[in-house]
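With TSV, C-alpha atoms and all ligand atoms inside, this is start_14.tsv:
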chain	number	residue	atom	x	y	z
A	1	MET	CA	-29.59	-78.92	-58.14
A	2	SER	CA	-26.68	-76.46	-58.38
A	3	VAL	CA	-27.17	-76.19	-62.14
A	4	GLU	CA	-30.78	-75.20	-61.51
A	5	ARG	CA	-29.61	-72.63	-58.98
A	6	GLU	CA	-27.10	-71.22	-61.48
A	7	LYS	CA	-29.81	-70.91	-64.11
A	8	ARG	CA	-32.09	-69.19	-61.62
A	9	ILE	CA	-29.57	-66.60	-60.41
A	10	ALA	CA	-28.50	-65.76	-63.97
A	11	ALA	CA	-32.14	-65.35	-64.96
A	12	GLU	CA	-32.87	-63.19	-61.90
A	13	ALA	CA	-29.90	-60.95	-62.73
A	14	ALA	CA	-31.26	-60.53	-66.26
A	15	ALA	CA	-34.72	-59.65	-64.95
A	16	GLU	CA	-33.10	-56.73	-63.09
A	17	LEU	CA	-31.98	-55.29	-66.45
A	18	VAL	CA	-35.60	-54.83	-67.51
A	19	GLY	CA	-37.30	-51.56	-66.68
A	20	SER	CA	-40.88	-50.35	-66.80
A	21	GLY	CA	-42.03	-49.29	-70.24
A	22	MET	CA	-39.63	-51.60	-72.08
A	23	THR	CA	-40.43	-53.93	-74.94
A	24	VAL	CA	-38.96	-57.33	-74.16
A	25	GLY	CA	-38.18	-60.44	-76.20
A	26	LEU	CA	-38.55	-63.65	-74.23
A	27	GLY	CA	-36.40	-66.63	-75.25
A	28	THR	CA	-37.10	-70.32	-74.84
A	29	GLY	CA	-35.79	-73.06	-72.58
A	30	SER	CA	-35.21	-74.15	-69.01
A	31	THR	CA	-33.17	-71.05	-68.09
A	32	VAL	CA	-35.81	-68.72	-69.50
A	33	ALA	CA	-38.30	-70.68	-67.35
A	34	TYR	CA	-36.64	-68.99	-64.35
A	35	LEU	CA	-36.70	-65.58	-66.03
A	36	LEU	CA	-40.47	-65.50	-66.38
A	37	PRO	CA	-41.37	-65.67	-62.66
A	38	ALA	CA	-38.53	-63.26	-61.86
A	39	LEU	CA	-40.00	-60.77	-64.33
A	40	ALA	CA	-43.55	-61.37	-63.09
A	41	ARG	CA	-42.46	-60.69	-59.49
A	42	ARG	CA	-41.17	-57.26	-60.51
A	43	GLU	CA	-44.68	-56.23	-61.61
A	44	LEU	CA	-43.29	-53.96	-64.34
A	45	SER	CA	-45.35	-52.42	-67.07
A	46	ILE	CA	-43.73	-54.17	-70.05
A	47	ARG	CA	-44.81	-55.44	-73.46
A	48	CYS	CA	-43.34	-58.78	-74.48
A	49	VAL	CA	-42.98	-61.04	-77.49
A	50	ALA	CA	-42.30	-64.75	-77.07
A	51	THR	CA	-40.03	-66.96	-79.18
A	52	SER	CA	-42.14	-70.10	-78.74
A	53	PRO	CA	-45.67	-71.17	-77.88
A	54	ARG	CA	-44.41	-72.72	-74.63
A	55	THR	CA	-42.80	-69.46	-73.48
A	56	GLU	CA	-45.91	-67.55	-74.51
A	57	GLN	CA	-48.17	-69.82	-72.48
A	58	ALA	CA	-45.89	-69.82	-69.42
A	59	ALA	CA	-45.59	-66.03	-69.51
A	60	ARG	CA	-49.33	-65.51	-69.85
A	61	GLU	CA	-49.99	-67.86	-66.91
A	62	LEU	CA	-47.76	-65.59	-64.81
A	63	GLY	CA	-49.66	-62.49	-65.90
A	64	ILE	CA	-46.98	-61.22	-68.29
A	65	GLN	CA	-48.44	-59.41	-71.29
A	66	VAL	CA	-47.41	-61.15	-74.53
A	67	GLU	CA	-48.24	-59.66	-77.92
A	68	PRO	CA	-47.78	-60.82	-81.52
A	69	PHE	CA	-44.33	-59.92	-82.84
A	70	GLY	CA	-45.91	-58.29	-85.89
A	71	GLY	CA	-46.78	-55.28	-83.76
A	72	PHE	CA	-43.13	-54.34	-83.06
A	73	ASP	CA	-40.39	-53.12	-85.38
A	74	ARG	CA	-37.76	-53.23	-82.63
A	75	LEU	CA	-37.36	-54.31	-79.01
A	76	ASP	CA	-35.51	-52.72	-76.12
A	77	ILE	CA	-34.11	-55.98	-74.80
A	78	ALA	CA	-34.23	-59.72	-75.48
A	79	ILE	CA	-33.19	-62.37	-72.97
A	80	ASP	CA	-32.50	-65.98	-73.86
A	81	GLY	CA	-30.49	-69.06	-72.96
A	82	ALA	CA	-27.74	-70.77	-74.96
A	83	ASP	CA	-26.47	-74.30	-75.50
A	84	GLN	CA	-22.82	-73.27	-75.84
A	85	ILE	CA	-20.90	-70.01	-75.33
A	86	ALA	CA	-17.46	-69.80	-76.94
A	87	PRO	CA	-14.66	-67.64	-75.43
A	88	ASP	CA	-14.95	-65.23	-78.39
A	89	GLY	CA	-18.71	-64.84	-77.87
A	90	TRP	CA	-20.08	-67.14	-80.57
A	91	LEU	CA	-23.15	-69.03	-79.38
A	92	VAL	CA	-24.78	-72.26	-80.38
A	93	LYS	CA	-28.53	-72.12	-79.82
A	94	GLY	CA	-31.53	-74.19	-80.84
A	95	GLY	CA	-31.38	-77.18	-78.53
A	96	GLY	CA	-35.07	-76.46	-78.03
A	97	ALA	CA	-35.56	-76.01	-81.80
A	98	ALA	CA	-36.59	-72.37	-81.40
A	99	HIS	CA	-33.44	-70.81	-82.90
A	100	THR	CA	-35.09	-69.20	-85.94
A	101	ARG	CA	-37.50	-67.14	-83.90
A	102	GLU	CA	-34.83	-66.59	-81.24
A	103	LYS	CA	-32.42	-65.13	-83.78
A	104	ILE	CA	-35.07	-62.83	-85.24
A	105	VAL	CA	-35.97	-61.58	-81.76
A	106	ALA	CA	-32.31	-61.19	-80.72
A	107	ALA	CA	-31.58	-59.20	-83.89
A	108	ALA	CA	-34.58	-56.94	-83.25
A	109	ALA	CA	-33.40	-56.02	-79.77
A	110	ASP	CA	-31.17	-53.09	-78.86
A	111	ARG	CA	-29.68	-55.33	-76.21
A	112	PHE	CA	-29.52	-59.13	-76.41
A	113	VAL	CA	-28.75	-60.73	-73.04
A	114	VAL	CA	-27.72	-64.37	-72.72
A	115	ILE	CA	-28.39	-66.26	-69.49
A	116	ALA	CA	-26.75	-69.58	-68.70
A	117	ASP	CA	-25.44	-71.96	-66.07
A	118	SER	CA	-21.73	-72.70	-65.78
A	119	SER	CA	-21.89	-75.74	-68.09
A	120	LYS	CA	-22.56	-73.53	-71.13
A	121	PRO	CA	-19.24	-71.66	-71.56
A	122	VAL	CA	-16.96	-73.98	-73.56
A	123	ASP	CA	-13.35	-73.82	-74.74
A	124	ALA	CA	-14.41	-74.59	-78.30
A	125	LEU	CA	-17.78	-75.04	-79.96
A	126	ARG	CA	-18.71	-78.62	-80.75
A	127	PRO	CA	-21.45	-80.15	-82.86
A	128	PRO	CA	-24.35	-80.32	-83.30
A	129	VAL	CA	-25.49	-76.98	-84.71
A	130	PRO	CA	-29.31	-76.88	-84.90
A	131	LEU	CA	-30.88	-76.07	-88.26
A	132	GLU	CA	-34.38	-75.27	-89.50
A	133	LEU	CA	-35.12	-76.38	-93.07
A	134	LEU	CA	-37.93	-75.63	-95.46
A	135	GLU	CA	-40.18	-78.64	-96.22
A	136	TYR	CA	-40.18	-77.68	-99.91
A	137	GLY	CA	-37.40	-79.64	-101.60
A	138	LEU	CA	-36.33	-81.17	-98.30
A	139	ALA	CA	-34.79	-84.33	-99.80
A	140	THR	CA	-32.57	-82.28	-102.10
A	141	THR	CA	-31.59	-79.90	-99.29
A	142	LEU	CA	-30.61	-82.82	-97.06
A	143	ARG	CA	-28.66	-84.46	-99.90
A	144	ARG	CA	-26.74	-81.26	-100.64
A	145	LEU	CA	-25.85	-80.37	-97.06
A	146	ALA	CA	-22.96	-82.44	-95.70
A	147	ASP	CA	-23.11	-83.91	-92.19
A	148	VAL	CA	-26.75	-82.94	-91.60
A	149	ARG	CA	-29.34	-85.24	-90.04
A	150	ARG	CA	-33.01	-84.59	-89.44
A	151	ARG	CA	-33.94	-84.40	-85.74
A	152	ASP	CA	-36.85	-86.55	-84.56
A	153	VAL	CA	-38.87	-83.68	-83.11
A	154	PRO	CA	-42.05	-81.86	-84.16
A	155	ARG	CA	-41.82	-79.11	-86.75
A	156	SER	CA	-41.23	-75.55	-85.65
A	157	PRO	CA	-44.29	-73.36	-85.05
A	158	ASP	CA	-43.58	-71.92	-88.51
A	159	GLY	CA	-43.70	-75.34	-90.18
A	160	GLY	CA	-39.94	-75.78	-90.54
A	161	VAL	CA	-38.17	-79.14	-90.31
A	162	ILE	CA	-35.61	-79.35	-87.50
A	163	ALA	CA	-32.23	-80.91	-88.28
A	164	ASP	CA	-28.67	-80.76	-86.94
A	165	TYR	CA	-25.28	-80.21	-88.51
A	166	HIS	CA	-22.81	-82.73	-87.07
A	167	GLY	CA	-19.64	-81.68	-88.89
A	168	ASP	CA	-16.69	-79.54	-87.83
A	169	ILE	CA	-17.25	-76.06	-86.27
A	170	GLY	CA	-13.60	-75.01	-86.19
A	171	ASP	CA	-14.36	-71.86	-88.19
A	172	PRO	CA	-17.81	-70.58	-87.13
A	173	VAL	CA	-17.57	-67.49	-89.41
A	174	ARG	CA	-17.18	-69.67	-92.47
A	175	LEU	CA	-19.67	-72.30	-91.35
A	176	ALA	CA	-22.30	-69.64	-90.59
A	177	ALA	CA	-21.79	-68.10	-94.04
A	178	ASP	CA	-21.95	-71.50	-95.77
A	179	LEU	CA	-25.11	-72.48	-93.94
A	180	ALA	CA	-26.75	-69.09	-94.47
A	181	GLY	CA	-26.15	-69.44	-98.21
A	182	ALA	CA	-27.60	-72.92	-98.55
A	183	PRO	CA	-30.90	-73.00	-100.49
A	184	GLY	CA	-33.69	-74.48	-98.37
A	185	LEU	CA	-32.05	-73.63	-95.07
A	186	VAL	CA	-34.27	-71.27	-93.09
A	187	GLU	CA	-31.89	-70.57	-90.20
A	188	HIS	CA	-29.00	-72.06	-88.26
A	189	GLY	CA	-28.18	-71.94	-84.56
A	190	LEU	CA	-24.82	-70.16	-84.76
A	191	PHE	CA	-25.22	-66.68	-83.22
A	192	PRO	CA	-22.33	-64.26	-83.90
A	193	PRO	CA	-20.68	-62.28	-81.09
A	194	ASP	CA	-21.88	-58.94	-82.47
A	195	LEU	CA	-25.47	-59.99	-81.79
A	196	VAL	CA	-24.73	-60.43	-78.09
A	197	ALA	CA	-24.53	-57.46	-75.71
A	198	THR	CA	-24.32	-59.13	-72.31
A	199	ILE	CA	-23.68	-62.66	-71.07
A	200	LEU	CA	-24.73	-63.62	-67.54
A	201	VAL	CA	-23.45	-66.96	-66.31
A	202	GLY	CA	-24.44	-68.40	-62.95
A	203	ARG	CA	-21.42	-70.03	-61.32
A	204	GLY	CA	-21.91	-71.40	-57.84
A	205	ASP	CA	-23.51	-68.63	-55.80
A	206	SER	CA	-22.60	-65.70	-58.04
A	207	VAL	CA	-23.25	-64.41	-61.52
A	208	GLU	CA	-20.39	-63.67	-63.91
A	209	ARG	CA	-21.14	-60.85	-66.32
A	210	ARG	CA	-19.52	-60.20	-69.69
A	211	ASP	CA	-20.46	-57.06	-71.68
B	301	LIG	C1	-33.90	-73.12	-77.52
B	301	LIG	C2	-32.59	-72.57	-77.14
B	301	LIG	C3	-32.28	-72.49	-75.68
B	301	LIG	O1	-32.03	-71.18	-75.34
B	301	LIG	C4	-31.07	-73.34	-75.42
B	301	LIG	O2	-31.34	-74.66	-75.88
B	301	LIG	C5	-30.73	-73.36	-73.93
B	301	LIG	O3	-31.75	-74.00	-73.25
B	301	LIG	P1	-31.69	-74.23	-71.68
B	301	LIG	O4	-31.85	-72.91	-71.03
B	301	LIG	O5	-32.84	-75.18	-71.43
B	301	LIG	O6	-30.37	-74.89	-71.37
B	301	LIG	O7	-31.78	-72.18	-77.92
B	301	LIG	O8	-34.02	-73.23	-78.90
Would you write out, as structure tokens, the structure that this file holds?
Ligand code: 5RP
Amino acid sequence: MSVEREKRIAAEAAAELVGSGMTVGLGTGSTVAYLLPALARRELSIRCVATSPRTEQAARELGIQVEPFGGFDRLDIAIDGADQIAPDGWLVKGGGAAHTREKIVAAAADRFVVIADSSKPVDALRPPVPLELLEYGLATTLRRLADVRRRDVPRSPDGGVIADYHGDIGDPVRLAADLAGAPGLVEHGLFPPDLVATILVGRGDSVERRD
């Protein structure tokens, strides 16, 4: 229960960063599930894009206006969860297989805010790192990439195959560059610190903030 409370208070703190008139990117996951009602309660005039069909549906059911991302060339703020948060600010995301859209939305936002419970900050990142792969040439992509296994989940909304890298993450800068350069790899779940503006972590009854 306390983990759920930590997610909720982090999400509620993030909702307070949103103001009327803003364009907002909505992430995906169980922490974002607390953000949506917190935003809806504020009754702000905002325009949102969603990083997954499930976030889009949940937001709409709460009366939050969600529009296609094609109509925006930037966003004021994006708010999303994370699977792991390293001390230097690197994130691992994509436990919910939405990391490709989440990274595009985070990169489009002037301010990317991460919300998490206290289990997410880690001393060192550990595998797996989620991947999205193109179906075209999949067997050759999987053969070429070391330590990668396909995940038994549905494809992404964009038709991508979800897989995970299970090798070493000692040097995330190098790993991110290697993965980004691999033919057939659409996106990986390593998010660099310079993408992240604010981290809100629920711990017990309070929210720790890192800017
Ligand atoms: C989905 C994600 C999520 O943000 C991440 O998995 C954290 O999820 P949760 O808030 O449920 O712990 O990256 O692709």
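Nearest-residue note for Val105 (chain A): choosing from A:Pro68, A:Pro183, A:Pro154, A:Gly19, the minimum distance belongs to A:Pro68, counting all atoms listed in the file.
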9 Å contact set for region 120-135 of chain A, only C-alpha atoms, chain neighbours under 2 positions out, as a VMD selection string: chain A and resid 82 to 87 90 to 100 116 to 118 137 to 139 141 to 142 148 150 to 151 155 to 156 159 to 170 172 179 184 to 190 201
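For region 58-61 of chain A, the set of protein, DNA and RNA residues having any atom at most 10 Å away, when counting only C-alpha atoms and skipping those fewer than 4 positions along the same chain, is A:Leu26, A:Ala33, A:Leu35, A:Leu36, A:Pro37, A:Leu39, A:Ala40, A:Cys48, A:Val49, A:Ala50, A:Pro53, A:Arg54, A:Gln65, A:Val66.
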Non-local contacts of Glu4 (chain A) (12 Å; only C-alpha atoms; under 5 positions in same chain excluded) as a list in words: Ile9, Ala10, Ala11, Ser30, Thr31, Val32, Ala33, Tyr34, Ala116, Asp117, Ser118, Ser119, Gly202, Arg203, Gly204 and Asp205 of chain A
Write the residues you've just listed into a file as a compact mmCIF listing (two decimals), keeping the file's coordinate frame, and include C-alpha atoms for each of them.
# COMPACT_ATOMS: atom_id res chain seq x y z
CA ILE A 9 -29.57 -66.60 -60.41
CA ALA A 10 -28.50 -65.76 -63.97
CA ALA A 11 -32.14 -65.35 -64.96
CA SER A 30 -35.21 -74.15 -69.01
CA THR A 31 -33.17 -71.05 -68.09
CA VAL A 32 -35.81 -68.72 -69.50
CA ALA A 33 -38.30 -70.68 -67.35
CA TYR A 34 -36.64 -68.99 -64.35
CA ALA A 116 -26.75 -69.58 -68.70
CA ASP A 117 -25.44 -71.96 -66.07
CA SER A 118 -21.73 -72.70 -65.78
CA SER A 119 -21.89 -75.74 -68.09
CA GLY A 202 -24.44 -68.40 -62.95
CA ARG A 203 -21.42 -70.03 -61.32
CA GLY A 204 -21.91 -71.40 -57.84
CA ASP A 205 -23.51 -68.63 -55.80
Would you give the centre and edge lengths, in Å to one decimal, of a box along x, y and z around the listed atoms of region 182-196 of chain A, with 5 Å added to each side, as AutoDock Vina command-line options?
--center_x -27.5 --center_y -66.7 --center_z -89.3 --size_x 23.6 --size_y 25.5 --size_z 32.4
